[in-house]
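Enquirer: File name upload30.cif; file contents mmCIF, C-alpha atoms and all ligand atoms; full text below.
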```cif
data_query
#
loop_
_atom_site.label_atom_id
_atom_site.label_comp_id
_atom_site.auth_asym_id
_atom_site.auth_seq_id
_atom_site.Cartn_x
_atom_site.Cartn_y
_atom_site.Cartn_z
CA MET A 1 -131.71 35.07 -65.45
CA SER A 2 -135.07 34.31 -63.81
CA ASN A 3 -137.95 33.05 -65.93
CA THR A 4 -139.95 36.12 -64.96
CA SER A 5 -137.72 38.13 -67.29
CA SER A 6 -139.12 41.35 -68.74
CA PHE A 7 -137.33 40.56 -72.03
CA ALA A 8 -138.23 37.80 -74.50
CA VAL A 9 -135.16 36.24 -76.10
CA GLU A 10 -135.30 35.64 -79.86
CA ARG A 11 -131.83 34.42 -80.84
CA HIS A 12 -130.26 35.48 -84.13
CA PRO A 13 -131.06 32.80 -86.73
CA THR A 14 -127.70 33.24 -88.49
CA PRO A 15 -125.10 34.65 -86.06
CA VAL A 16 -121.54 35.33 -87.22
CA ALA A 17 -119.58 32.04 -87.38
CA ALA A 18 -117.08 31.43 -84.55
CA SER A 19 -114.06 31.39 -86.90
CA GLU A 20 -115.06 34.69 -88.53
CA ARG A 21 -115.73 36.26 -85.12
CA ALA A 22 -112.29 35.18 -83.86
CA THR A 23 -110.64 36.95 -86.82
CA LEU A 24 -112.72 40.10 -86.26
CA LEU A 25 -111.84 40.15 -82.55
CA GLU A 26 -108.10 40.18 -83.26
CA ASN A 27 -108.15 43.89 -83.98
CA PRO A 28 -111.56 45.33 -83.07
CA GLY A 29 -110.72 49.07 -83.02
CA PHE A 30 -113.29 51.20 -81.16
CA GLY A 31 -117.01 51.30 -81.93
CA GLN A 32 -116.82 49.65 -85.35
CA LEU A 33 -117.44 46.00 -84.63
CA PHE A 34 -120.88 45.08 -83.34
CA THR A 35 -122.29 41.90 -81.83
CA ASP A 36 -125.14 39.69 -83.10
CA HIS A 37 -127.91 40.92 -80.79
CA MET A 38 -129.56 44.04 -79.39
CA VAL A 39 -132.09 44.74 -76.64
CA THR A 40 -135.15 46.88 -77.20
CA MET A 41 -138.01 48.04 -75.00
CA ARG A 42 -140.76 50.56 -75.65
CA TRP A 43 -142.47 53.12 -73.47
CA SER A 44 -145.75 54.83 -74.12
CA GLU A 45 -147.94 57.00 -71.95
CA ASP A 46 -150.71 54.37 -71.97
CA ALA A 47 -148.70 51.14 -71.62
CA GLY A 48 -145.58 52.27 -69.68
CA TRP A 49 -142.52 50.03 -70.28
CA HIS A 50 -143.41 47.09 -72.51
CA ASP A 51 -142.38 44.86 -75.41
CA GLY A 52 -138.88 44.12 -74.04
CA LYS A 53 -136.80 41.75 -76.14
CA VAL A 54 -133.36 40.55 -77.10
CA SER A 55 -133.25 39.96 -80.84
CA ALA A 56 -130.97 40.02 -83.88
CA ARG A 57 -129.24 43.39 -84.27
CA LYS A 58 -130.80 45.22 -87.18
CA PRO A 59 -131.52 48.76 -88.47
CA ILE A 60 -134.28 50.74 -86.77
CA GLU A 61 -136.91 51.89 -89.23
CA MET A 62 -138.13 55.43 -88.51
CA ASP A 63 -140.76 57.76 -89.86
CA PRO A 64 -139.11 61.01 -91.09
CA ALA A 65 -141.19 62.92 -88.51
CA THR A 66 -139.90 60.90 -85.54
CA ALA A 67 -139.37 63.49 -82.79
CA VAL A 68 -135.72 62.63 -81.99
CA LEU A 69 -134.67 63.50 -85.56
CA HIS A 70 -135.90 67.06 -85.03
CA TYR A 71 -135.44 67.98 -81.37
CA ALA A 72 -132.70 65.56 -80.22
CA GLN A 73 -134.59 64.16 -77.24
CA GLU A 74 -132.04 61.39 -76.68
CA ILE A 75 -129.82 60.08 -73.86
CA PHE A 76 -127.21 57.34 -73.67
CA GLU A 77 -124.74 55.53 -71.43
CA GLY A 78 -121.35 53.92 -71.94
CA MET A 79 -120.13 50.93 -69.94
CA LYS A 80 -117.91 47.89 -70.40
CA ALA A 81 -118.07 44.14 -69.77
CA TYR A 82 -114.66 42.55 -69.16
CA ARG A 83 -113.56 38.97 -69.72
CA ILE A 84 -112.49 37.45 -66.41
CA GLU A 85 -109.45 35.20 -66.36
CA GLU A 86 -111.06 32.39 -64.39
CA GLY A 87 -114.16 32.40 -66.64
CA GLY A 88 -117.27 34.49 -67.13
CA SER A 89 -117.40 38.27 -67.38
CA ALA A 90 -117.85 41.30 -65.16
CA LEU A 91 -119.47 44.72 -65.23
CA PHE A 92 -118.02 47.71 -63.37
CA ARG A 93 -120.45 49.67 -61.15
CA PRO A 94 -123.42 49.13 -63.50
CA ASP A 95 -125.76 50.48 -60.82
CA ARG A 96 -124.13 53.90 -61.32
CA ASN A 97 -124.86 53.85 -65.05
CA ALA A 98 -128.47 52.89 -64.30
CA ALA A 99 -128.81 55.83 -61.89
CA ARG A 100 -127.15 58.28 -64.30
CA PHE A 101 -129.43 57.10 -67.10
CA ARG A 102 -132.42 58.00 -64.91
CA SER A 103 -130.98 61.39 -64.05
CA SER A 104 -130.25 62.13 -67.73
CA ALA A 105 -133.83 61.08 -68.51
CA ARG A 106 -135.19 63.54 -65.95
CA ARG A 107 -133.19 66.42 -67.45
CA LEU A 108 -134.38 65.58 -70.96
CA ALA A 109 -138.04 65.23 -69.85
CA MET A 110 -138.08 61.53 -70.63
CA PRO A 111 -139.53 58.60 -68.64
CA GLU A 112 -137.11 57.05 -66.13
CA LEU A 113 -136.25 53.43 -66.86
CA PRO A 114 -136.28 51.52 -63.53
CA ASP A 115 -132.78 50.34 -62.54
CA GLU A 116 -133.90 46.68 -62.49
CA LEU A 117 -134.90 46.86 -66.17
CA PHE A 118 -131.71 48.71 -67.16
CA LEU A 119 -129.53 46.13 -65.38
CA GLU A 120 -131.50 43.15 -66.66
CA ALA A 121 -131.19 44.44 -70.24
CA ILE A 122 -127.42 44.89 -69.89
CA GLU A 123 -126.83 41.52 -68.27
CA LEU A 124 -128.99 39.71 -70.82
CA LEU A 125 -127.10 41.24 -73.74
CA VAL A 126 -123.69 40.46 -72.21
CA GLU A 127 -124.74 36.88 -71.51
CA THR A 128 -126.23 36.43 -75.00
CA ASP A 129 -123.19 37.89 -76.78
CA ALA A 130 -120.48 36.84 -74.26
CA ASP A 131 -118.42 35.26 -77.06
CA TRP A 132 -117.93 38.77 -78.47
CA ILE A 133 -115.92 39.98 -75.46
CA PRO A 134 -112.47 40.27 -77.02
CA PRO A 135 -109.45 38.73 -75.35
CA GLY A 136 -106.35 40.80 -74.75
CA GLU A 137 -105.09 43.74 -72.76
CA GLY A 138 -107.32 46.80 -72.83
CA ALA A 139 -110.07 44.95 -74.73
CA ALA A 140 -113.70 44.81 -73.60
CA LEU A 141 -117.30 44.66 -74.73
CA TYR A 142 -118.49 48.28 -74.84
CA LEU A 143 -122.19 48.57 -74.07
CA ARG A 144 -124.20 51.45 -75.39
CA PRO A 145 -127.67 51.76 -73.81
CA PHE A 146 -129.66 54.65 -75.28
CA MET A 147 -133.20 55.98 -75.40
CA PHE A 148 -134.90 58.35 -77.79
CA ALA A 149 -138.24 60.01 -78.53
CA SER A 150 -139.87 57.67 -81.04
CA GLU A 151 -143.22 59.47 -81.33
CA VAL A 152 -144.08 60.68 -84.82
CA PHE A 153 -144.93 64.29 -84.09
CA LEU A 154 -143.47 67.69 -85.00
CA GLY A 155 -144.83 69.79 -82.12
CA VAL A 156 -142.27 70.87 -79.53
CA ARG A 157 -143.10 69.11 -76.24
CA PRO A 158 -141.87 65.97 -74.45
CA ALA A 159 -142.74 62.96 -76.62
CA LYS A 160 -145.31 60.39 -75.55
CA GLU A 161 -143.41 57.37 -76.93
CA TYR A 162 -139.80 56.25 -76.46
CA LEU A 163 -137.57 53.40 -77.55
CA PHE A 164 -134.85 52.07 -75.22
CA VAL A 165 -132.10 50.14 -76.98
CA VAL A 166 -128.85 48.46 -75.93
CA ILE A 167 -126.18 47.57 -78.49
CA ALA A 168 -122.72 46.14 -77.85
CA SER A 169 -119.40 46.66 -79.58
CA SER A 170 -116.20 44.65 -79.17
CA VAL A 171 -113.48 47.23 -78.54
CA GLY A 172 -109.76 47.68 -78.05
CA ALA A 173 -108.14 50.88 -76.75
CA TYR A 174 -110.02 54.14 -77.49
CA PHE A 175 -106.83 55.92 -78.58
CA LYS A 176 -104.73 54.28 -81.28
CA GLY A 177 -101.49 55.15 -79.48
CA GLY A 178 -102.48 52.97 -76.48
CA ALA A 179 -100.81 54.37 -73.35
CA ALA A 180 -99.02 57.23 -75.16
CA PRO A 181 -99.98 60.73 -73.97
CA ILE A 182 -102.65 62.56 -75.95
CA SER A 183 -102.57 66.23 -76.89
CA LEU A 184 -105.34 68.69 -76.02
CA TRP A 185 -106.66 71.79 -77.77
CA VAL A 186 -108.15 74.20 -75.23
CA SER A 187 -111.11 75.99 -76.78
CA HIS A 188 -111.46 79.67 -75.89
CA ASP A 189 -114.25 80.20 -78.43
CA TYR A 190 -116.72 77.40 -77.86
CA ASN A 191 -118.46 75.91 -74.83
CA ARG A 192 -119.65 72.37 -74.35
CA ALA A 193 -122.31 73.32 -71.79
CA GLY A 194 -123.62 76.32 -69.89
CA PRO A 195 -125.22 76.90 -66.47
CA GLY A 196 -128.75 75.52 -66.39
CA GLY A 197 -128.11 73.54 -69.57
CA THR A 198 -127.67 69.82 -70.17
CA GLY A 199 -123.93 69.43 -69.45
CA ALA A 200 -124.45 67.08 -66.50
CA ALA A 201 -126.73 64.81 -68.56
CA LYS A 202 -125.41 62.26 -71.02
CA CYS A 203 -127.41 63.38 -74.04
CA GLY A 204 -126.45 63.33 -77.70
CA GLY A 205 -126.86 67.10 -78.04
CA ASN A 206 -123.85 67.77 -75.80
CA TYR A 207 -121.66 65.75 -78.13
CA ALA A 208 -123.07 67.45 -81.21
CA ALA A 209 -122.08 70.81 -79.67
CA SER A 210 -118.54 69.52 -79.09
CA LEU A 211 -117.88 68.41 -82.66
CA LEU A 212 -116.96 71.75 -84.24
CA PRO A 213 -114.35 72.52 -81.55
CA HIS A 214 -113.24 68.87 -81.75
CA GLY A 215 -112.63 69.45 -85.46
CA GLN A 216 -110.57 72.53 -84.54
CA ALA A 217 -108.54 70.38 -82.15
CA LEU A 218 -107.82 67.95 -84.99
CA SER A 219 -106.85 70.72 -87.40
CA ASN A 220 -104.48 72.07 -84.75
CA GLY A 221 -102.84 68.66 -84.57
CA CYS A 222 -104.47 67.71 -81.24
CA ASP A 223 -106.38 64.59 -80.22
CA GLN A 224 -109.14 66.09 -78.05
CA VAL A 225 -110.73 69.40 -77.14
CA CYS A 226 -110.66 70.69 -73.56
CA PHE A 227 -113.55 72.95 -72.54
CA LEU A 228 -113.47 75.88 -70.12
CA ASP A 229 -116.39 77.16 -68.05
CA ALA A 230 -118.90 79.06 -70.16
CA ALA A 231 -119.34 81.96 -67.71
CA THR A 232 -115.72 83.17 -67.38
CA HIS A 233 -113.65 81.01 -69.74
CA GLU A 234 -111.08 80.78 -66.97
CA TYR A 235 -111.63 77.41 -65.35
CA ILE A 236 -111.02 73.98 -66.82
CA GLU A 237 -114.09 71.78 -67.09
CA GLU A 238 -113.63 68.54 -69.05
CA LEU A 239 -113.04 67.05 -72.49
CA GLY A 240 -115.80 66.19 -74.94
CA GLY A 241 -116.02 62.66 -73.50
CA MET A 242 -113.69 62.44 -70.49
CA ASN A 243 -113.02 64.05 -67.09
CA LEU A 244 -109.62 65.49 -66.14
CA PHE A 245 -107.24 65.09 -63.18
CA PHE A 246 -104.09 67.08 -62.35
CA VAL A 247 -101.30 65.60 -60.23
CA MET A 248 -99.24 68.05 -58.18
CA GLU A 249 -95.61 67.71 -57.15
CA ASP A 250 -96.61 67.08 -53.52
CA GLY A 251 -98.60 64.00 -54.66
CA SER A 252 -102.03 65.62 -54.27
CA LEU A 253 -104.62 65.49 -57.07
CA VAL A 254 -107.00 68.17 -58.29
CA THR A 255 -110.12 67.62 -60.41
CA PRO A 256 -112.80 70.18 -61.34
CA PRO A 257 -115.80 70.05 -58.98
CA LEU A 258 -119.11 68.70 -60.25
CA THR A 259 -121.42 71.43 -61.42
CA ASP A 260 -124.35 71.28 -63.78
CA THR A 261 -121.93 71.71 -66.70
CA ILE A 262 -119.77 68.61 -66.05
CA LEU A 263 -120.66 64.96 -66.49
CA GLU A 264 -120.31 63.03 -63.23
CA GLY A 265 -117.94 60.36 -64.48
CA ILE A 266 -118.05 56.95 -62.84
CA THR A 267 -114.34 56.54 -63.61
CA ARG A 268 -113.72 59.96 -62.00
CA ASP A 269 -115.56 58.93 -58.84
CA SER A 270 -113.69 55.59 -58.70
CA LEU A 271 -110.29 57.24 -59.18
CA ILE A 272 -110.97 59.78 -56.41
CA GLN A 273 -111.62 56.84 -54.10
CA LEU A 274 -108.61 54.80 -55.30
CA ALA A 275 -106.27 57.80 -55.02
CA ARG A 276 -107.48 58.46 -51.47
CA ASP A 277 -107.07 54.76 -50.63
CA ALA A 278 -103.45 55.08 -51.81
CA GLY A 279 -102.87 58.05 -49.48
CA HIS A 280 -103.18 60.92 -51.99
CA GLU A 281 -105.04 64.05 -51.05
CA VAL A 282 -107.72 64.72 -53.70
CA ARG A 283 -109.28 68.17 -54.02
CA GLU A 284 -112.41 68.78 -56.09
CA GLU A 285 -111.83 72.46 -56.74
CA PRO A 286 -111.83 74.91 -59.65
CA TYR A 287 -108.51 75.01 -61.50
CA ALA A 288 -107.83 77.91 -63.85
CA PHE A 289 -106.33 77.31 -67.29
CA ALA A 290 -103.73 80.06 -66.66
CA GLN A 291 -102.76 78.38 -63.37
CA TRP A 292 -102.39 75.01 -65.10
CA MET A 293 -100.08 76.54 -67.71
CA GLU A 294 -97.99 78.20 -64.99
CA ASP A 295 -97.91 75.04 -62.84
CA ALA A 296 -96.95 72.78 -65.75
CA GLN A 297 -94.14 75.16 -66.70
CA SER A 298 -92.85 75.52 -63.12
CA GLY A 299 -93.09 71.79 -62.43
CA ARG A 300 -95.76 72.21 -59.72
CA CYS A 301 -98.23 70.23 -61.88
CA THR A 302 -96.32 67.07 -62.78
CA GLU A 303 -99.02 64.97 -64.49
CA THR A 304 -102.42 65.37 -66.10
CA PHE A 305 -104.70 62.57 -67.22
CA ALA A 306 -108.11 62.15 -68.80
CA CYS A 307 -110.48 59.42 -67.68
CA GLY A 308 -113.69 57.75 -68.73
CA THR A 309 -115.17 54.39 -69.59
CA ALA A 310 -113.89 54.43 -73.17
CA ALA A 311 -110.55 56.12 -72.44
CA VAL A 312 -109.98 54.44 -69.01
CA VAL A 313 -106.97 56.52 -67.84
CA THR A 314 -105.13 58.38 -70.62
CA PRO A 315 -102.14 60.66 -69.97
CA VAL A 316 -102.10 64.19 -71.36
CA GLY A 317 -98.78 65.34 -72.88
CA THR A 318 -99.02 68.51 -74.95
CA VAL A 319 -101.58 71.29 -74.45
CA LYS A 320 -102.21 73.88 -77.15
CA SER A 321 -104.39 76.97 -77.21
CA GLU A 322 -104.50 80.46 -78.65
CA LYS A 323 -102.99 81.56 -75.32
CA GLY A 324 -99.93 79.32 -75.50
CA THR A 325 -98.57 75.79 -75.84
CA PHE A 326 -96.99 73.76 -73.05
CA THR A 327 -96.26 70.20 -72.02
CA VAL A 328 -97.06 68.43 -68.78
CA GLY A 329 -94.13 66.44 -67.42
CA ASP A 330 -91.86 65.46 -70.28
CA GLY A 331 -94.90 65.27 -72.56
CA ALA A 332 -93.76 61.92 -73.95
CA LYS A 333 -94.81 59.31 -71.40
CA ALA A 334 -97.29 58.78 -68.59
CA GLY A 335 -96.18 59.87 -65.13
CA PRO A 336 -95.97 57.41 -62.21
CA THR A 337 -99.23 58.39 -60.48
CA THR A 338 -101.16 58.10 -63.76
CA VAL A 339 -99.67 54.65 -64.41
CA LYS A 340 -100.34 53.44 -60.88
CA LEU A 341 -103.98 54.60 -60.80
CA HIS A 342 -104.57 53.18 -64.27
CA GLN A 343 -103.23 49.77 -63.24
CA THR A 344 -105.12 49.73 -59.94
CA LEU A 345 -108.42 50.55 -61.66
CA GLU A 346 -107.96 48.10 -64.55
CA ARG A 347 -106.99 45.24 -62.26
CA ILE A 348 -110.18 45.74 -60.23
CA GLN A 349 -112.32 46.03 -63.37
CA ARG A 350 -110.88 42.78 -64.75
CA GLY A 351 -111.33 40.88 -61.49
CA GLU A 352 -107.56 40.58 -61.01
CA SER A 353 -107.35 42.27 -57.61
CA ASN A 354 -109.31 42.70 -54.43
CA ASP A 355 -112.58 44.53 -55.04
CA ALA A 356 -112.59 46.31 -51.67
CA HIS A 357 -115.46 48.65 -52.61
CA GLY A 358 -117.76 45.98 -54.09
CA TRP A 359 -117.72 47.63 -57.53
CA VAL A 360 -117.51 44.52 -59.71
CA LYS A 361 -120.63 42.63 -60.74
CA ARG A 362 -119.68 39.16 -61.97
CA LEU A 363 -121.81 37.44 -64.60
CA GLY A 364 -121.84 33.72 -65.38
CA GLU A 365 -120.18 31.98 -68.31
CA SER A 366 -122.21 31.73 -71.50
N1 LIG B 401 -117.38 63.40 -69.42
C1 LIG B 401 -118.04 63.18 -70.57
C2 LIG B 401 -118.54 64.36 -71.32
C3 LIG B 401 -118.24 61.87 -71.03
O1 LIG B 401 -118.89 61.64 -72.17
C4 LIG B 401 -117.74 60.78 -70.28
C5 LIG B 401 -117.90 59.41 -70.76
O2 LIG B 401 -118.81 58.74 -70.49
C6 LIG B 401 -117.07 61.06 -69.09
C7 LIG B 401 -116.90 62.38 -68.68
C8 LIG B 401 -116.57 59.96 -68.22
O3 LIG B 401 -117.65 59.26 -67.62
P1 LIG B 401 -117.53 57.76 -67.20
O4 LIG B 401 -116.29 57.64 -66.39
O5 LIG B 401 -118.75 57.47 -66.41
O6 LIG B 401 -117.45 56.95 -68.45
C1 LIG B 402 -117.67 56.70 -72.73
O1 LIG B 402 -116.54 56.79 -72.24
O2 LIG B 402 -118.38 55.73 -72.53
C2 LIG B 402 -118.24 57.76 -73.57
O3 LIG B 402 -119.40 57.78 -73.75
C3 LIG B 402 -117.36 58.77 -74.17
C4 LIG B 402 -117.09 58.64 -75.61
C5 LIG B 402 -115.77 59.34 -75.85
C6 LIG B 402 -117.07 57.28 -76.20
#
```
I need this file expressed as structure tokens, please.
Ligand code: PLP
Ligand code: COI

Expert:
Amino acid sequence: MSNTSSFAVERHPTPVAASERATLLENPGFGQLFTDHMVTMRWSEDAGWHDGKVSARKPIEMDPATAVLHYAQEIFEGMKAYRIEEGGSALFRPDRNAARFRSSARRLAMPELPDELFLEAIELLVETDADWIPPGEGAALYLRPFMFASEVFLGVRPAKEYLFVVIASSVGAYFKGGAAPISLWVSHDYNRAGPGGTGAAKCGGNYAASLLPHGQALSNGCDQVCFLDAATHEYIEELGGMNLFFVMEDGSLVTPPLTDTILEGITRDSLIQLARDAGHEVREEPYAFAQWMEDAQSGRCTETFACGTAAVVTPVGTVKSEKGTFTVGDGAKAGPTTVKLHQTLERIQRGESNDAHGWVKRLGES
């Protein structure tokens, strides 16, 4: 890191001891185990971006009238740092997260954090807490950059003060079953996003709207909720936190096209490229729920998988809805295209295979 850094580094006076950390890293779960440090930076109308620092992770004290608590002016990102076999760590396409963070900010009427500051903050935190990157298959350091309206004001208008924060969590697989297929509940009653809304932005409000139907998925014995388009309830959109792909018997792949109601997943974009590299035809086109049910039953749709930073590539087995229940493939294990794409992506992310597209950003050893 250059000595013209925009972030002062104040190291934790009493970080977790190495032996305790090693025990914690044996079974980190997802989003429960946090590192020693955090990054913060403020924005105000008068001063712009200022007061950047890396410091001990601690609670954020807030006035009860802080704008985000009332009007949810908040955005976030999700990305991972991987431990590299020959030493050091790597980020996967962090420039895309920086760009998406700016586009989410625009939609939520927030100031855009310049990419250089976003990337510097991420790299500094990974380098400071590199010892928290867990070893082992599927494990990584999950980074959660977020920004919220920190102005103390109850009027409804874009705030004039914001806090940008990055925290990090040592994680294993997102789903407890590892590579086992998940089950989906298709919601015919609730939408995640609507035309002209915030579906293409990564803002907390979208996830809040998904929680009631997610609860319905759980009470119907399913792992995740799958949303349909708000206008017609015919076409498949995405899950609460993952994009979807369908593999057809002729080897082609279908994924819903990007509209303003779908999050433009970086994993989605990477898998489209990797599938095309491997000779698959990939079509970004609307796919109706009724067609999916028919195709899964006839064997025309042989595999379905969900993808995202947290979930990587996760096969879908059983699909339930008020309109019927069906399985994709045999419903019990991942199909060959899902397995192949998963492996190809993970090997690139972990620096184990040729990075033909220049997606991997290597960081030094701590
Ligand atoms: N869709 C939603 C709603 C998400 O929250 C995520 C996760 O970030 C994704 C898709 C996948 O995006 P990415 O691959 O960039 O993690
Ligand atoms: C991610 O994949 O990074 C997300 O933000 C989605 C969430 C399910 C953790």

Enquirer: What's around Ala140 (chain A) at 10 Å? Count only C-alpha atoms, leave out sequence neighbours fewer than 5 positions away in its own chain, and write the answer as a PyMOL selection string.

Expert: chain A and resi 28+30+79-83+89+132-135+169-173+310+350

Enquirer: Find, counting only C-alpha atoms, the residue in A:Val319, A:Ala200, A:Cys301, A:Arg276 that gets nearest to Leu263 (chain A).

Expert: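 Answer, going by the shortest atom-to-atom distance: A:Ala200.
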
Enquirer: Select from chain A every residue with an atom at most 10 Å from any atom of ligand LIG 402 (chain B), then for each give the shortest pair of atoms and their distance in Å to one decimal, using all atoms listed in the file, rows by chain and rising number, as a Markdown table.

Expert:
```
| residue | atom | partner | partner_atom | distance |
| --- | --- | --- | --- | --- |
| A:Phe30 | CA | B:LIG402 | C6 | 8.7 |
| A:Gly31 | CA | B:LIG402 | C6 | 8.3 |
| A:Phe76 | CA | B:LIG402 | O3 | 7.8 |
| A:Glu77 | CA | B:LIG402 | O3 | 6.2 |
| A:Gly78 | CA | B:LIG402 | O2 | 3.5 |
| A:Met79 | CA | B:LIG402 | O2 | 5.7 |
| A:Lys80 | CA | B:LIG402 | O2 | 8.1 |
| A:Tyr142 | CA | B:LIG402 | O2 | 7.8 |
| A:Leu143 | CA | B:LIG402 | O2 | 8.3 |
| A:Arg144 | CA | B:LIG402 | O2 | 7.8 |
| A:Tyr174 | CA | B:LIG402 | C6 | 7.8 |
| A:Phe175 | CA | B:LIG402 | C5 | 10.0 |
| A:Lys202 | CA | B:LIG402 | O3 | 8.0 |
| A:Cys203 | CA | B:LIG402 | O3 | 9.8 |
| A:Gly204 | CA | B:LIG402 | O3 | 9.8 |
| A:Tyr207 | CA | B:LIG402 | C4 | 8.8 |
| A:Gln224 | CA | B:LIG402 | C5 | 9.7 |
| A:Leu239 | CA | B:LIG402 | C5 | 8.8 |
| A:Gly240 | CA | B:LIG402 | C5 | 6.9 |
| A:Gly241 | CA | B:LIG402 | C5 | 4.1 |
| A:Met242 | CA | B:LIG402 | C3 | 6.4 |
| A:Asn243 | CA | B:LIG402 | O1 | 9.6 |
| A:Gly265 | CA | B:LIG402 | O1 | 8.7 |
| A:Ile266 | CA | B:LIG402 | O1 | 9.5 |
| A:Thr267 | CA | B:LIG402 | O1 | 8.9 |
| A:Cys307 | CA | B:LIG402 | O1 | 8.0 |
| A:Gly308 | CA | B:LIG402 | O1 | 4.6 |
| A:Thr309 | CA | B:LIG402 | O1 | 3.8 |
| A:Ala310 | CA | B:LIG402 | O1 | 3.7 |
| A:Ala311 | CA | B:LIG402 | O1 | 6.0 |
| A:Val312 | CA | B:LIG402 | O1 | 7.7 |
```

Enquirer: Take the residues from that selection and write them out as a PDB file, in the frame of the given file, keeping C-alpha atoms.

Expert:
```pdb
ATOM      1  CA  PHE A  30    -113.290  51.200 -81.160  1.00  0.00           C
ATOM      2  CA  GLY A  31    -117.010  51.300 -81.930  1.00  0.00           C
ATOM      3  CA  PHE A  76    -127.210  57.340 -73.670  1.00  0.00           C
ATOM      4  CA  GLU A  77    -124.740  55.530 -71.430  1.00  0.00           C
ATOM      5  CA  GLY A  78    -121.350  53.920 -71.940  1.00  0.00           C
ATOM      6  CA  MET A  79    -120.130  50.930 -69.940  1.00  0.00           C
ATOM      7  CA  LYS A  80    -117.910  47.890 -70.400  1.00  0.00           C
ATOM      8  CA  TYR A 142    -118.490  48.280 -74.840  1.00  0.00           C
ATOM      9  CA  LEU A 143    -122.190  48.570 -74.070  1.00  0.00           C
ATOM     10  CA  ARG A 144    -124.200  51.450 -75.390  1.00  0.00           C
ATOM     11  CA  TYR A 174    -110.020  54.140 -77.490  1.00  0.00           C
ATOM     12  CA  PHE A 175    -106.830  55.920 -78.580  1.00  0.00           C
ATOM     13  CA  LYS A 202    -125.410  62.260 -71.020  1.00  0.00           C
ATOM     14  CA  CYS A 203    -127.410  63.380 -74.040  1.00  0.00           C
ATOM     15  CA  GLY A 204    -126.450  63.330 -77.700  1.00  0.00           C
ATOM     16  CA  TYR A 207    -121.660  65.750 -78.130  1.00  0.00           C
ATOM     17  CA  GLN A 224    -109.140  66.090 -78.050  1.00  0.00           C
ATOM     18  CA  LEU A 239    -113.040  67.050 -72.490  1.00  0.00           C
ATOM     19  CA  GLY A 240    -115.800  66.190 -74.940  1.00  0.00           C
ATOM     20  CA  GLY A 241    -116.020  62.660 -73.500  1.00  0.00           C
ATOM     21  CA  MET A 242    -113.690  62.440 -70.490  1.00  0.00           C
ATOM     22  CA  ASN A 243    -113.020  64.050 -67.090  1.00  0.00           C
ATOM     23  CA  GLY A 265    -117.940  60.360 -64.480  1.00  0.00           C
ATOM     24  CA  ILE A 266    -118.050  56.950 -62.840  1.00  0.00           C
ATOM     25  CA  THR A 267    -114.340  56.540 -63.610  1.00  0.00           C
ATOM     26  CA  CYS A 307    -110.480  59.420 -67.680  1.00  0.00           C
ATOM     27  CA  GLY A 308    -113.690  57.750 -68.730  1.00  0.00           C
ATOM     28  CA  THR A 309    -115.170  54.390 -69.590  1.00  0.00           C
ATOM     29  CA  ALA A 310    -113.890  54.430 -73.170  1.00  0.00           C
ATOM     30  CA  ALA A 311    -110.550  56.120 -72.440  1.00  0.00           C
ATOM     31  CA  VAL A 312    -109.980  54.440 -69.010  1.00  0.00           C
TER      32      VAL A 312
END
```

Enquirer: One number please: CA of Ser104 (chain A) to CA of Gly155 (chain A), in Å, one decimal.

Expert: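 One can read the CA of Ser104 (chain A) to CA of Gly155 (chain A) distance as 21.9 Å.
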
Enquirer: Counting all atoms listed in the file, what is within 9 Å of Ala209 (chain A), bar same-chain residues fewer than 2 positions away, as a short mmCIF file (atom, residue, chain, number, x, y, z; two decimals) with C-alpha atoms, in the frame of the given file?

Expert:
```
data_model
loop_
_atom_site.label_atom_id
_atom_site.label_comp_id
_atom_site.auth_asym_id
_atom_site.auth_seq_id
_atom_site.Cartn_x
_atom_site.Cartn_y
_atom_site.Cartn_z
CA TYR A 190 -116.72 77.40 -77.86
CA ASN A 191 -118.46 75.91 -74.83
CA ARG A 192 -119.65 72.37 -74.35
CA ALA A 193 -122.31 73.32 -71.79
CA GLY A 204 -126.45 63.33 -77.70
CA GLY A 205 -126.86 67.10 -78.04
CA ASN A 206 -123.85 67.77 -75.80
CA TYR A 207 -121.66 65.75 -78.13
CA LEU A 211 -117.88 68.41 -82.66
CA LEU A 212 -116.96 71.75 -84.24
CA PRO A 213 -114.35 72.52 -81.55
#
```

Enquirer: Quick test: take region 319-323 of chain A, keep N, CA, C and O atoms, and write it as a compact mmCIF listing (two decimals), in the first residue's frame.

Expert:
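Below is the file part-v7.txt, written as the result:
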```
# COMPACT_ATOMS: atom_id res chain seq x y z
N VAL A 319 -38.39 -28.36 -6.53
CA VAL A 319 -39.04 -27.06 -6.67
C VAL A 319 -40.50 -27.22 -6.26
O VAL A 319 -41.20 -28.11 -6.76
N LYS A 320 -40.92 -26.38 -5.31
CA LYS A 320 -42.30 -26.46 -4.83
C LYS A 320 -43.00 -25.14 -5.06
O LYS A 320 -42.39 -24.07 -4.94
N SER A 321 -44.31 -25.21 -5.36
CA SER A 321 -45.11 -23.99 -5.41
C SER A 321 -46.57 -24.40 -5.29
O SER A 321 -46.89 -25.59 -5.34
N GLU A 322 -47.43 -23.38 -5.17
CA GLU A 322 -48.87 -23.68 -5.10
C GLU A 322 -49.34 -24.35 -6.39
O GLU A 322 -50.38 -24.97 -6.45
N LYS A 323 -48.55 -24.17 -7.47
CA LYS A 323 -48.96 -24.70 -8.78
C LYS A 323 -48.35 -26.05 -9.09
O LYS A 323 -48.47 -26.55 -10.20
```
